[in-house]
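This is coords.txt (compact mmCIF, C-alpha atoms and all ligand atoms).
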# COMPACT_ATOMS: atom_id res chain seq x y z
CA MET A 10 116.09 96.00 77.65
CA ALA A 11 113.09 95.29 79.84
CA ASP A 12 109.60 96.59 79.13
CA ILE A 13 108.75 99.53 81.36
CA GLY A 14 105.10 100.26 82.18
CA THR A 15 102.30 100.43 84.70
CA ASP A 16 100.51 97.17 83.88
CA ILE A 17 99.73 95.73 87.31
CA GLN A 18 98.03 92.65 85.82
CA ARG A 19 101.11 91.75 83.84
CA ALA A 20 103.37 92.26 86.84
CA ALA A 21 101.11 90.11 89.02
CA ARG A 22 100.96 87.39 86.36
CA LEU A 23 104.73 87.27 85.96
CA LEU A 24 105.23 87.09 89.72
CA THR A 25 102.65 84.32 90.06
CA GLN A 26 104.50 82.36 87.37
CA GLY A 27 107.70 82.56 89.42
CA ASN A 28 109.36 85.32 87.39
CA LEU A 29 111.02 88.44 88.71
CA VAL A 30 109.62 91.96 88.27
CA ALA A 31 111.21 95.24 89.32
CA ILE A 32 108.79 97.18 91.49
CA PRO A 33 108.72 100.76 92.72
CA THR A 34 108.65 101.53 96.42
CA GLU A 35 108.82 104.86 98.23
CA THR A 36 112.46 104.14 99.16
CA VAL A 37 114.16 102.56 96.12
CA TYR A 38 113.13 100.13 93.36
CA GLY A 39 113.12 96.48 94.37
CA LEU A 40 113.76 93.29 92.39
CA ALA A 41 110.72 91.29 93.42
CA GLY A 42 109.88 87.61 93.44
CA ASN A 43 107.52 85.21 95.22
CA ALA A 44 108.94 84.77 98.75
CA PHE A 45 107.47 81.25 98.92
CA ASN A 46 108.90 80.07 95.60
CA LEU A 47 112.47 78.90 96.15
CA SER A 48 113.45 79.06 92.51
CA ALA A 49 112.21 82.65 92.27
CA VAL A 50 114.18 83.52 95.40
CA ALA A 51 117.27 81.81 94.00
CA LYS A 52 116.87 83.78 90.75
CA ILE A 53 117.02 87.04 92.73
CA PHE A 54 120.41 86.14 94.18
CA GLU A 55 121.61 85.14 90.72
CA VAL A 56 120.38 88.25 88.86
CA LYS A 57 121.84 90.60 91.49
CA ASN A 58 125.01 88.54 91.82
CA ARG A 59 124.30 88.64 95.52
CA PRO A 60 125.98 86.32 97.99
CA SER A 61 123.54 83.81 99.45
CA PHE A 62 124.48 84.82 103.01
CA ASP A 63 122.81 88.23 102.50
CA PRO A 64 119.15 87.89 103.55
CA LEU A 65 116.18 89.49 101.78
CA ILE A 66 113.35 91.73 102.99
CA VAL A 67 109.81 90.35 102.81
CA HIS A 68 107.23 92.85 101.55
CA THR A 69 103.54 92.57 102.31
CA TYR A 70 100.46 94.80 102.53
CA SER A 71 98.99 94.50 106.01
CA GLN A 72 99.94 93.95 109.60
CA GLU A 73 97.57 90.99 109.67
CA GLN A 74 99.72 89.35 107.02
CA VAL A 75 102.86 90.10 109.01
CA GLU A 76 101.34 88.33 112.03
CA THR A 77 101.15 85.13 109.99
CA PHE A 78 104.89 85.26 109.20
CA VAL A 79 106.34 85.89 112.69
CA GLU A 80 106.47 84.08 116.03
CA HIS A 81 106.55 87.17 118.17
CA PHE A 82 105.71 90.85 117.68
CA PRO A 83 107.27 92.87 120.54
CA PRO A 84 105.08 95.73 121.84
CA LYS A 85 107.57 98.37 120.65
CA ALA A 86 107.57 96.84 117.19
CA ARG A 87 103.78 97.04 117.18
CA LYS A 88 103.88 100.71 118.09
CA LEU A 89 106.32 101.40 115.28
CA ALA A 90 104.28 99.40 112.79
CA LYS A 91 101.18 101.34 113.75
CA ALA A 92 102.98 104.68 113.43
CA PHE A 93 105.02 104.08 110.27
CA TRP A 94 103.54 101.32 108.08
CA PRO A 95 103.11 101.52 105.22
CA GLY A 96 106.46 103.27 105.13
CA PRO A 97 110.27 103.16 105.07
CA LEU A 98 110.72 100.94 108.13
CA THR A 99 111.87 97.30 108.08
CA LEU A 100 111.43 95.26 111.27
CA LEU A 101 113.54 92.21 112.12
CA LEU A 102 111.23 89.71 113.84
CA PRO A 103 111.52 86.01 114.75
CA LYS A 104 110.26 84.06 111.78
CA LYS A 105 107.81 81.21 111.48
CA ASP A 106 108.81 78.11 109.50
CA LEU A 107 106.59 79.34 106.69
CA ILE A 108 109.32 81.81 105.70
CA PRO A 109 111.96 79.85 103.77
CA ASP A 110 115.50 79.73 105.20
CA LEU A 111 116.78 80.82 101.79
CA VAL A 112 115.02 84.18 102.31
CA THR A 113 116.69 84.81 105.68
CA SER A 114 120.02 83.16 104.80
CA GLY A 115 119.40 80.70 107.60
CA MET A 116 118.80 83.34 110.26
CA ASP A 117 115.90 82.93 112.63
CA THR A 118 114.68 86.51 112.15
CA VAL A 119 112.94 87.77 109.06
CA ALA A 120 113.13 91.36 107.78
CA ILE A 121 109.63 92.64 106.93
CA ARG A 122 108.08 95.83 105.72
CA ILE A 123 104.92 97.27 104.18
CA PRO A 124 106.02 99.62 101.41
CA ASN A 125 104.16 102.87 100.80
CA GLN A 126 103.71 102.88 97.04
CA PRO A 127 100.22 102.59 95.49
CA LEU A 128 101.09 100.36 92.49
CA THR A 129 103.13 97.98 94.58
CA LEU A 130 100.58 97.86 97.39
CA SER A 131 97.84 96.99 94.93
CA ILE A 132 99.95 94.15 93.47
CA LEU A 133 100.71 92.83 96.95
CA GLN A 134 96.98 92.79 97.66
CA LYS A 135 96.28 90.77 94.52
CA LEU A 136 98.86 88.07 95.26
CA ASP A 137 98.42 85.24 97.70
CA PHE A 138 102.11 85.33 98.63
CA PRO A 139 104.48 88.05 99.90
CA LEU A 140 107.32 89.40 97.80
CA VAL A 141 110.99 89.39 98.60
CA ALA A 142 112.62 92.46 97.10
CA PRO A 143 116.20 93.59 97.52
CA SER A 144 117.17 96.86 95.87
CA ALA A 145 117.14 96.32 92.09
CA ASN A 146 120.86 96.87 91.46
CA PRO A 147 123.83 94.57 91.01
CA PHE A 148 125.23 93.69 94.45
CA GLY A 149 127.35 96.48 95.91
CA TYR A 150 126.28 99.21 93.45
CA VAL A 151 124.11 102.28 94.05
CA SER A 152 120.37 101.52 94.53
CA PRO A 153 117.93 102.58 91.76
CA THR A 154 115.42 105.37 92.33
CA SER A 155 113.78 105.31 88.88
CA ALA A 156 112.65 102.68 86.38
CA GLN A 157 115.40 103.88 84.04
CA HIS A 158 118.06 103.23 86.69
CA VAL A 159 116.82 99.64 86.94
CA ASP A 160 116.78 99.21 83.17
CA ASP A 161 120.32 100.61 82.85
CA GLN A 162 121.73 97.76 84.88
CA LEU A 163 119.31 94.86 85.02
CA GLY A 164 117.28 95.46 81.83
CA GLU A 165 118.88 92.50 80.06
CA LYS A 166 118.02 90.12 82.86
CA ILE A 167 114.37 90.87 83.61
CA GLU A 168 111.25 91.11 81.49
CA TYR A 169 109.27 93.86 83.19
CA ILE A 170 109.81 96.98 85.27
CA LEU A 171 106.74 98.46 86.92
CA ASP A 172 107.10 102.21 86.65
CA GLY A 173 106.09 104.23 89.69
CA GLY A 174 108.12 107.31 88.76
CA VAL A 175 110.95 108.65 90.88
CA CYS A 176 111.01 107.23 94.43
CA GLN A 177 109.61 109.67 96.99
CA ILE A 178 112.22 109.03 99.66
CA GLY A 179 115.23 107.89 97.66
CA ILE A 180 117.23 105.90 100.22
CA GLU A 181 116.53 102.42 101.54
CA SER A 182 114.33 101.68 104.55
CA THR A 183 115.58 101.94 108.11
CA ILE A 184 116.11 98.44 109.54
CA LEU A 185 115.32 97.95 113.20
CA GLY A 186 115.62 94.78 115.26
CA PHE A 187 115.49 93.81 118.92
CA ASP A 188 118.23 92.45 121.16
CA ASP A 189 116.29 90.97 124.08
CA ASP A 190 113.48 93.43 123.42
CA ILE A 191 115.90 96.39 123.24
CA PRO A 192 115.44 98.20 119.92
CA VAL A 193 118.52 98.51 117.73
CA ILE A 194 118.82 100.22 114.35
CA HIS A 195 120.78 97.92 112.04
CA ARG A 196 120.67 100.21 109.00
CA LEU A 197 120.02 103.94 109.00
CA GLY A 198 117.54 104.76 106.27
CA GLY A 199 114.45 106.57 105.10
CA LEU A 200 112.86 106.83 108.54
CA SER A 201 114.94 109.03 110.85
CA ARG A 202 116.13 107.98 114.27
CA GLU A 203 114.32 111.02 115.73
CA GLU A 204 110.98 109.84 114.31
CA ILE A 205 111.50 106.36 115.72
CA GLU A 206 112.52 107.72 119.12
CA SER A 207 109.46 109.97 119.21
CA VAL A 208 107.35 106.79 119.34
CA ILE A 209 109.35 104.28 121.41
CA GLY A 210 112.02 106.30 123.18
CA GLN A 211 115.74 105.78 122.89
CA VAL A 212 117.12 103.31 120.39
CA ALA A 213 120.68 102.13 119.85
CA VAL A 214 122.37 102.34 116.46
CA ARG A 215 124.58 99.40 115.63
CA PRO A 216 127.83 100.72 114.21
CA HIS A 217 128.43 99.14 110.82
CA SER A 218 131.28 96.77 110.49
CA SER A 219 132.93 95.01 107.62
CA SER A 220 133.34 92.00 109.87
CA ASN A 221 129.64 91.22 109.91
CA PRO A 222 129.10 89.22 106.74
CA LYS A 223 125.57 88.43 107.86
CA ALA A 224 124.35 91.84 106.79
CA PRO A 225 126.40 92.99 103.81
CA GLY A 226 124.21 96.06 103.43
CA MET A 227 126.20 97.02 106.47
CA LEU A 228 129.52 96.38 104.77
CA LYS A 229 131.97 99.21 104.88
CA SER A 230 132.10 99.41 101.10
CA HIS A 231 128.63 99.35 99.60
CA TYR A 232 126.40 101.62 97.56
CA SER A 233 129.51 102.28 95.52
CA PRO A 234 129.71 104.13 92.25
CA GLY A 235 132.35 102.79 89.83
CA LYS A 236 134.44 105.97 90.09
CA LYS A 237 136.53 106.85 93.09
CA LEU A 238 134.64 109.05 95.54
CA ILE A 239 136.23 111.16 98.24
CA LEU A 240 134.21 112.63 101.07
CA GLY A 241 135.26 115.71 102.99
CA ASP A 242 135.42 119.49 103.04
CA LEU A 243 135.06 120.52 99.40
CA GLN A 244 137.43 123.47 99.53
CA GLU A 245 140.15 121.27 100.98
CA LEU A 246 139.44 118.47 98.52
CA LEU A 247 139.50 120.85 95.57
CA GLY A 248 142.86 122.11 96.82
CA ALA A 249 144.21 118.58 96.90
CA TYR A 250 142.56 117.16 93.75
CA GLY A 251 142.05 120.31 91.63
CA HIS A 252 144.59 119.06 89.08
CA LEU A 253 142.22 116.19 88.18
CA LYS A 254 138.89 116.34 86.33
CA CYS A 255 136.57 116.54 89.31
CA GLY A 256 132.85 115.95 89.62
CA VAL A 257 131.36 117.49 92.73
CA ILE A 258 128.32 116.52 94.82
CA THR A 259 127.41 119.37 97.15
CA PHE A 260 124.70 119.72 99.75
CA ASN A 261 123.05 123.04 98.89
CA LYS A 262 125.47 125.35 97.07
CA LYS A 263 127.61 125.13 93.96
CA VAL A 264 131.37 125.61 94.23
CA ASN A 265 133.25 128.11 92.07
CA ALA A 266 136.19 126.05 90.90
CA VAL A 267 134.24 123.44 88.89
CA ASP A 268 132.13 123.60 85.68
CA ASP A 269 128.39 123.71 86.31
CA ASP A 270 127.72 120.50 84.45
CA HIS A 271 130.19 118.64 86.65
CA GLN A 272 128.30 119.59 89.78
CA TYR A 273 125.22 118.15 91.41
CA VAL A 274 123.52 120.09 94.19
CA LEU A 275 121.54 117.68 96.36
CA ALA A 276 119.15 120.21 97.91
CA GLU A 277 119.15 123.85 96.89
CA ASN A 278 116.62 124.54 99.64
CA GLY A 279 118.93 123.06 102.27
CA ASP A 280 116.47 120.32 103.21
CA VAL A 281 118.09 116.95 103.98
CA THR A 282 114.90 115.11 102.98
CA ASN A 283 115.32 116.55 99.50
CA ALA A 284 118.98 115.59 99.50
CA ALA A 285 118.03 111.96 100.25
CA LYS A 286 115.69 111.92 97.28
CA ASN A 287 118.47 113.06 94.92
CA LEU A 288 121.46 111.21 96.39
CA PHE A 289 121.51 108.04 94.28
CA ALA A 290 120.65 109.88 91.05
CA ALA A 291 123.60 112.18 91.78
CA LEU A 292 125.98 109.25 92.29
CA ARG A 293 124.78 107.60 89.08
CA GLU A 294 125.01 110.79 87.08
CA MET A 295 128.53 111.51 88.27
CA ASP A 296 129.52 107.95 87.47
CA LYS A 297 128.57 108.53 83.81
CA LYS A 298 130.51 111.77 83.36
CA ASN A 299 133.92 112.13 81.84
CA ILE A 300 135.66 112.86 85.13
CA ASP A 301 138.50 111.27 87.09
CA ILE A 302 137.12 111.53 90.57
CA ILE A 303 133.96 112.41 92.52
CA LEU A 304 134.28 114.81 95.46
CA ALA A 305 131.40 115.00 97.92
CA GLU A 306 130.66 116.78 101.17
CA PRO A 307 128.69 115.41 104.12
CA VAL A 308 125.21 116.84 104.70
CA PRO A 309 123.95 118.19 108.06
CA ASN A 310 123.53 115.46 110.66
CA HIS A 311 119.83 115.69 111.47
CA GLY A 312 116.75 113.93 110.10
CA LEU A 313 117.82 111.77 107.13
CA GLY A 314 121.29 113.36 107.25
CA PRO A 315 123.02 110.52 109.15
CA ALA A 316 121.58 107.96 106.67
CA ILE A 317 122.84 110.02 103.72
CA ASN A 318 126.28 110.46 105.27
CA ASP A 319 126.41 106.76 106.01
CA ARG A 320 125.88 105.99 102.33
CA LEU A 321 128.42 108.59 101.22
CA LYS A 322 130.97 107.06 103.60
CA ARG A 323 130.39 103.62 102.17
CA ALA A 324 130.48 104.93 98.63
CA ALA A 325 133.88 106.42 99.51
CA ALA A 326 135.23 103.22 101.05
CA LYS A 327 137.07 101.04 98.56
O1 LIG B 1 114.02 100.16 101.22
C1 LIG B 1 114.35 98.97 101.20
O2 LIG B 1 114.54 98.32 102.23
C2 LIG B 1 114.52 98.32 99.83
C3 LIG B 1 113.16 98.29 99.14
C4 LIG B 1 113.19 97.58 97.80
O3 LIG B 1 112.22 97.71 100.00
N1 LIG B 1 115.11 97.02 99.95
C5 LIG B 1 116.41 96.84 100.29
O4 LIG B 1 116.80 95.52 100.28
O5 LIG B 1 117.17 97.76 100.55
P1 LIG B 1 118.33 95.07 100.25
O6 LIG B 1 118.26 93.61 100.08
O7 LIG B 1 119.05 95.82 99.20
O8 LIG B 1 118.85 95.41 101.67
C6 LIG B 1 118.33 94.67 102.76
C7 LIG B 1 119.29 94.65 103.90
C8 LIG B 1 120.55 93.87 103.61
O9 LIG B 1 121.65 94.61 104.10
C9 LIG B 1 120.37 92.61 104.45
O10 LIG B 1 121.61 92.11 104.87
C10 LIG B 1 119.51 93.11 105.59
O11 LIG B 1 118.63 94.00 104.96
N2 LIG B 1 118.69 92.02 106.16
C11 LIG B 1 117.70 91.33 105.57
N3 LIG B 1 117.21 90.38 106.38
C12 LIG B 1 117.90 90.50 107.53
C13 LIG B 1 117.86 89.80 108.77
N4 LIG B 1 117.01 88.80 108.99
N5 LIG B 1 118.73 90.20 109.74
C14 LIG B 1 119.61 91.21 109.52
N6 LIG B 1 119.69 91.90 108.36
C15 LIG B 1 118.86 91.55 107.39
MG MG B 2 120.60 96.84 98.46
How would this structure read if it were set down as structure tokens?
Amino acid sequence: MADIGTDIQRAARLLTQGNLVAIPTETVYGLAGNAFNLSAVAKIFEVKNRPSFDPLIVHTYSQEQVETFVEHFPPKARKLAKAFWPGPLTLLLPKKDLIPDLVTSGMDTVAIRIPNQPLTLSILQKLDFPLVAPSANPFGYVSPTSAQHVDDQLGEKIEYILDGGVCQIGIESTILGFDDDIPVIHRLGGLSREEIESVIGQVAVRPHSSSNPKAPGMLKSHYSPGKKLILGDLQELLGAYGHLKCGVITFNKKVNAVDDDHQYVLAENGDVTNAAKNLFAALREMDKKNIDIILAEPVPNHGLGPAINDRLKRAAAK
């Protein structure tokens, strides 16, 4: 098991020595390493069992720093950075040579964000290098939203987990890039499309495809619990699967047919933002229960709803 604590000095020291540390962000916990240290970057791929063609996000603390990593900062990207950084937005920008090819899997754009988490921001300010940090889970599994989630799966492989409590947002950042200066969302996430459009006008959303190995976070099957998950209308699903031991993930109301302790209500108040915060904990909890199958219903399609439904769909794809 890893040590879990709030010792920023220790985390900074380990990172400076080329070791990995799990760090909290407002979205999910990340498995962080020095972006400029190739052996640290390689260790991240190894610990996560992540294919080397899946690029990493660079985390830093100021827009000034970002300027030193990229060749070009389109005006719309600047507007978004001003409005939402620090926050759950990752921008894909043309990289300078300074950013190692290993980080971007050979692509000429780098994914960058400034996370909004006080412990992690203060570490980033102390270091003279940025951090690469994919979600701190084995490749393909549900992202961690607490220090305990990280320890459950990667505790044997890392020395230290910086504990920032439960992640405020609970799903990964929204990734936005530019095709010839036209903004395109590559991954729905913790910043809603509506919020982005309120600043730069209409954006396209790239439909995810399993034929795009360059961005496996976009793979059809991802964020998967170990147990089979089926997404749909709960009454219909309970009709079809009621003979099995079912665990149920509902949006805001319990169902009658299933024991209370086999149910997880994402947001009793009916707020999709709340549902996002609880989603990955719900998937993990259901995965641990003595049940045959997880049944889940989609949440309303506004705000963070589409990002939640996207993850439920991928969790259901096997
Ligand atoms: O909220 C988050 O973004 C979290 C926290 C820790 O910051 N990080 C995260 O990283 O979700 P990861 O590695 O689990 O997901 C990053 C996604 C992957 O799907 C990757 O393929 C995509 O970002 N990505 C990274 N660099 C890219 C690039 N240059 N072009 C296209 N996609 C890229
Ligand atoms: Mg991930």
8 Å shell around ligand MG 2 (chain B) using all atoms listed in the file, listed as an mmCIF file with C-alpha atoms, in the coordinates of the input:
data_model
loop_
_atom_site.group_PDB
_atom_site.id
_atom_site.type_symbol
_atom_site.label_atom_id
_atom_site.label_comp_id
_atom_site.auth_asym_id
_atom_site.auth_seq_id
_atom_site.Cartn_x
_atom_site.Cartn_y
_atom_site.Cartn_z
ATOM 1 C CA PRO A 143 116.200 93.590 97.520
ATOM 2 C CA SER A 144 117.170 96.860 95.870
ATOM 3 C CA ALA A 145 117.140 96.320 92.090
ATOM 4 C CA ASN A 146 120.860 96.870 91.460
ATOM 5 C CA PHE A 148 125.230 93.690 94.450
ATOM 6 C CA GLY A 149 127.350 96.480 95.910
ATOM 7 C CA TYR A 150 126.280 99.210 93.450
ATOM 8 C CA VAL A 151 124.110 102.280 94.050
ATOM 9 C CA SER A 152 120.370 101.520 94.530
ATOM 10 C CA GLU A 181 116.530 102.420 101.540
ATOM 11 C CA GLY A 226 124.210 96.060 103.430
ATOM 12 C CA TYR A 232 126.400 101.620 97.560
#
**OP:** Kindly provide, as a list in words, all nucleotide and amino acid residues lying within 6 Å of ligand LIG 1 (chain B), counting all atoms listed in the file.
**Re:** Thr36, Val37, Tyr38, Gly39, Asp63, Pro64, Leu65, Ile66, Leu101, Thr113, Met116, Thr118, Val119, Ala120, Ala142, Pro143, Ser144, Glu181, Ser182, Ala224, Pro225, Gly226 and Met227 of chain A
Restricted to C-alpha atoms, what would the selected residues look like written as a short mmCIF file (atom, residue, chain, number, x, y, z; two decimals), in the frame of the given file?
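Resulting contents of again-v2.cif:
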data_model
loop_
_atom_site.label_atom_id
_atom_site.label_comp_id
_atom_site.auth_asym_id
_atom_site.auth_seq_id
_atom_site.Cartn_x
_atom_site.Cartn_y
_atom_site.Cartn_z
CA THR A 36 112.46 104.14 99.16
CA VAL A 37 114.16 102.56 96.12
CA TYR A 38 113.13 100.13 93.36
CA GLY A 39 113.12 96.48 94.37
CA ASP A 63 122.81 88.23 102.50
CA PRO A 64 119.15 87.89 103.55
CA LEU A 65 116.18 89.49 101.78
CA ILE A 66 113.35 91.73 102.99
CA LEU A 101 113.54 92.21 112.12
CA THR A 113 116.69 84.81 105.68
CA MET A 116 118.80 83.34 110.26
CA THR A 118 114.68 86.51 112.15
CA VAL A 119 112.94 87.77 109.06
CA ALA A 120 113.13 91.36 107.78
CA ALA A 142 112.62 92.46 97.10
CA PRO A 143 116.20 93.59 97.52
CA SER A 144 117.17 96.86 95.87
CA GLU A 181 116.53 102.42 101.54
CA SER A 182 114.33 101.68 104.55
CA ALA A 224 124.35 91.84 106.79
CA PRO A 225 126.40 92.99 103.81
CA GLY A 226 124.21 96.06 103.43
CA MET A 227 126.20 97.02 106.47
#
Output as CSV one row per residue of range 14-38 of chain A within 8 Å of range 153-170 of chain A: the closest atom pair and its distance in Å to one decimal place, counting only C-alpha atoms, sorted by chain and residue number ascending.
residue,atom,partner,partner_atom,distance
A:Gly14,CA,A:Ile170,CA,6.5
A:Ala20,CA,A:Tyr169,CA,7.1
A:Leu29,CA,A:Ile167,CA,6.6
A:Val30,CA,A:Tyr169,CA,5.4
A:Ala31,CA,A:Ile170,CA,4.6
A:Ile32,CA,A:Ile170,CA,6.3
A:Pro33,CA,A:Ala156,CA,7.7
A:Thr36,CA,A:Thr154,CA,7.5
A:Val37,CA,A:Thr154,CA,4.9
A:Tyr38,CA,A:Pro153,CA,5.6
May I have the protein, DNA and RNA residues with an atom at most 10 Å from (105.7, 79.7, 110.0), counting all atoms listed in the file in the file's coordinates, returned as a compact mmCIF listing (two decimals) with C-alpha atoms, in the frame of the given file?
# COMPACT_ATOMS: atom_id res chain seq x y z
CA GLU A 76 101.34 88.33 112.03
CA THR A 77 101.15 85.13 109.99
CA PHE A 78 104.89 85.26 109.20
CA VAL A 79 106.34 85.89 112.69
CA GLU A 80 106.47 84.08 116.03
CA PRO A 103 111.52 86.01 114.75
CA LYS A 104 110.26 84.06 111.78
CA LYS A 105 107.81 81.21 111.48
CA ASP A 106 108.81 78.11 109.50
CA LEU A 107 106.59 79.34 106.69
CA ILE A 108 109.32 81.81 105.70
CA PRO A 109 111.96 79.85 103.77
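Residues lying within 8 Å of range 282-293 of chain A, counting only C-alpha atoms and ignoring same-chain neighbours fewer than 5 positions away, are Val151, Ser152, Pro153, Thr154, Cys176, Gln177, Ile178, Gly179, Ile180, Pro234, Ile258, Phe260, Tyr273, Leu275, Ala276, Gly312, Leu313, Gly314 and Ile317 of chain A.
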**OP:** Please measure the separation of CA of Gln26 in chain A and CA of Asp137 in chain A, giving the value in Å to one decimal.
**Re:** 12.3 Å
Complete the atoms of range 139-163 of chain A to N, CA and C atoms and put them out as a PDB file, in the coordinates of the input.
ATOM      1  N   PRO A 139     103.715  86.801  99.764  1.00  0.00           N
ATOM      2  CA  PRO A 139     104.480  88.050  99.900  1.00  0.00           C
ATOM      3  C   PRO A 139     105.624  88.088  98.889  1.00  0.00           C
ATOM      4  N   LEU A 140     106.211  89.247  98.744  1.00  0.00           N
ATOM      5  CA  LEU A 140     107.320  89.400  97.800  1.00  0.00           C
ATOM      6  C   LEU A 140     108.622  89.665  98.540  1.00  0.00           C
ATOM      7  N   VAL A 141     109.673  88.957  98.139  1.00  0.00           N
ATOM      8  CA  VAL A 141     110.990  89.390  98.600  1.00  0.00           C
ATOM      9  C   VAL A 141     111.504  90.374  97.563  1.00  0.00           C
ATOM     10  N   ALA A 142     112.139  91.436  98.031  1.00  0.00           N
ATOM     11  CA  ALA A 142     112.620  92.460  97.100  1.00  0.00           C
ATOM     12  C   ALA A 142     113.828  93.192  97.659  1.00  0.00           C
ATOM     13  N   PRO A 143     115.013  92.782  97.210  1.00  0.00           N
ATOM     14  CA  PRO A 143     116.200  93.590  97.520  1.00  0.00           C
ATOM     15  C   PRO A 143     116.217  94.775  96.551  1.00  0.00           C
ATOM     16  N   SER A 144     117.034  95.760  96.817  1.00  0.00           N
ATOM     17  CA  SER A 144     117.170  96.860  95.870  1.00  0.00           C
ATOM     18  C   SER A 144     117.570  96.296  94.500  1.00  0.00           C
ATOM     19  N   ALA A 145     116.998  96.891  93.428  1.00  0.00           N
ATOM     20  CA  ALA A 145     117.140  96.320  92.090  1.00  0.00           C
ATOM     21  C   ALA A 145     118.421  96.809  91.399  1.00  0.00           C
ATOM     22  N   ASN A 146     119.564  96.506  92.020  1.00  0.00           N
ATOM     23  CA  ASN A 146     120.860  96.870  91.460  1.00  0.00           C
ATOM     24  C   ASN A 146     121.785  95.672  91.598  1.00  0.00           C
ATOM     25  N   PRO A 147     122.844  95.616  90.779  1.00  0.00           N
ATOM     26  CA  PRO A 147     123.830  94.570  91.010  1.00  0.00           C
ATOM     27  C   PRO A 147     124.415  94.756  92.417  1.00  0.00           C
ATOM     28  N   PHE A 148     124.742  93.665  93.075  1.00  0.00           N
ATOM     29  CA  PHE A 148     125.230  93.690  94.450  1.00  0.00           C
ATOM     30  C   PHE A 148     126.378  94.690  94.606  1.00  0.00           C
ATOM     31  N   GLY A 149     126.257  95.557  95.603  1.00  0.00           N
ATOM     32  CA  GLY A 149     127.350  96.480  95.910  1.00  0.00           C
ATOM     33  C   GLY A 149     127.236  97.835  95.222  1.00  0.00           C
ATOM     34  N   TYR A 150     126.401  97.926  94.161  1.00  0.00           N
ATOM     35  CA  TYR A 150     126.280  99.210  93.450  1.00  0.00           C
ATOM     36  C   TYR A 150     125.178 100.063  94.079  1.00  0.00           C
ATOM     37  N   VAL A 151     125.083 101.304  93.571  1.00  0.00           N
ATOM     38  CA  VAL A 151     124.110 102.280  94.050  1.00  0.00           C
ATOM     39  C   VAL A 151     122.675 101.774  93.770  1.00  0.00           C
ATOM     40  N   SER A 152     121.757 101.948  94.722  1.00  0.00           N
ATOM     41  CA  SER A 152     120.370 101.520  94.530  1.00  0.00           C
ATOM     42  C   SER A 152     119.656 102.401  93.495  1.00  0.00           C
ATOM     43  N   PRO A 153     118.656 101.825  92.787  1.00  0.00           N
ATOM     44  CA  PRO A 153     117.930 102.580  91.760  1.00  0.00           C
ATOM     45  C   PRO A 153     116.750 103.349  92.330  1.00  0.00           C
ATOM     46  N   THR A 154     116.574 104.577  91.879  1.00  0.00           N
ATOM     47  CA  THR A 154     115.420 105.370  92.330  1.00  0.00           C
ATOM     48  C   THR A 154     114.505 105.754  91.168  1.00  0.00           C
ATOM     49  N   SER A 155     114.716 105.140  89.998  1.00  0.00           N
ATOM     50  CA  SER A 155     113.780 105.310  88.880  1.00  0.00           C
ATOM     51  C   SER A 155     113.779 104.031  88.059  1.00  0.00           C
ATOM     52  N   ALA A 156     112.733 103.868  87.240  1.00  0.00           N
ATOM     53  CA  ALA A 156     112.650 102.680  86.380  1.00  0.00           C
ATOM     54  C   ALA A 156     113.847 102.647  85.434  1.00  0.00           C
ATOM     55  N   GLN A 157     114.252 103.817  84.956  1.00  0.00           N
ATOM     56  CA  GLN A 157     115.400 103.880  84.040  1.00  0.00           C
ATOM     57  C   GLN A 157     116.682 103.378  84.705  1.00  0.00           C
ATOM     58  N   HIS A 158     116.877 103.745  85.975  1.00  0.00           N
ATOM     59  CA  HIS A 158     118.060 103.230  86.690  1.00  0.00           C
ATOM     60  C   HIS A 158     118.072 101.699  86.690  1.00  0.00           C
ATOM     61  N   VAL A 159     116.889 101.107  86.906  1.00  0.00           N
ATOM     62  CA  VAL A 159     116.820  99.640  86.940  1.00  0.00           C
ATOM     63  C   VAL A 159     117.174  99.095  85.561  1.00  0.00           C
ATOM     64  N   ASP A 160     116.568  99.691  84.537  1.00  0.00           N
ATOM     65  CA  ASP A 160     116.780  99.210  83.170  1.00  0.00           C
ATOM     66  C   ASP A 160     118.257  99.320  82.778  1.00  0.00           C
ATOM     67  N   ASP A 161     118.902 100.399  83.194  1.00  0.00           N
ATOM     68  CA  ASP A 161     120.320 100.610  82.850  1.00  0.00           C
ATOM     69  C   ASP A 161     121.172  99.418  83.266  1.00  0.00           C
ATOM     70  N   GLN A 162     120.841  98.807  84.385  1.00  0.00           N
ATOM     71  CA  GLN A 162     121.730  97.760  84.880  1.00  0.00           C
ATOM     72  C   GLN A 162     121.181  96.349  84.820  1.00  0.00           C
ATOM     73  N   LEU A 163     119.865  96.215  84.988  1.00  0.00           N
ATOM     74  CA  LEU A 163     119.310  94.860  85.020  1.00  0.00           C
ATOM     75  C   LEU A 163     118.360  94.592  83.852  1.00  0.00           C
TER      76      LEU A 163
END
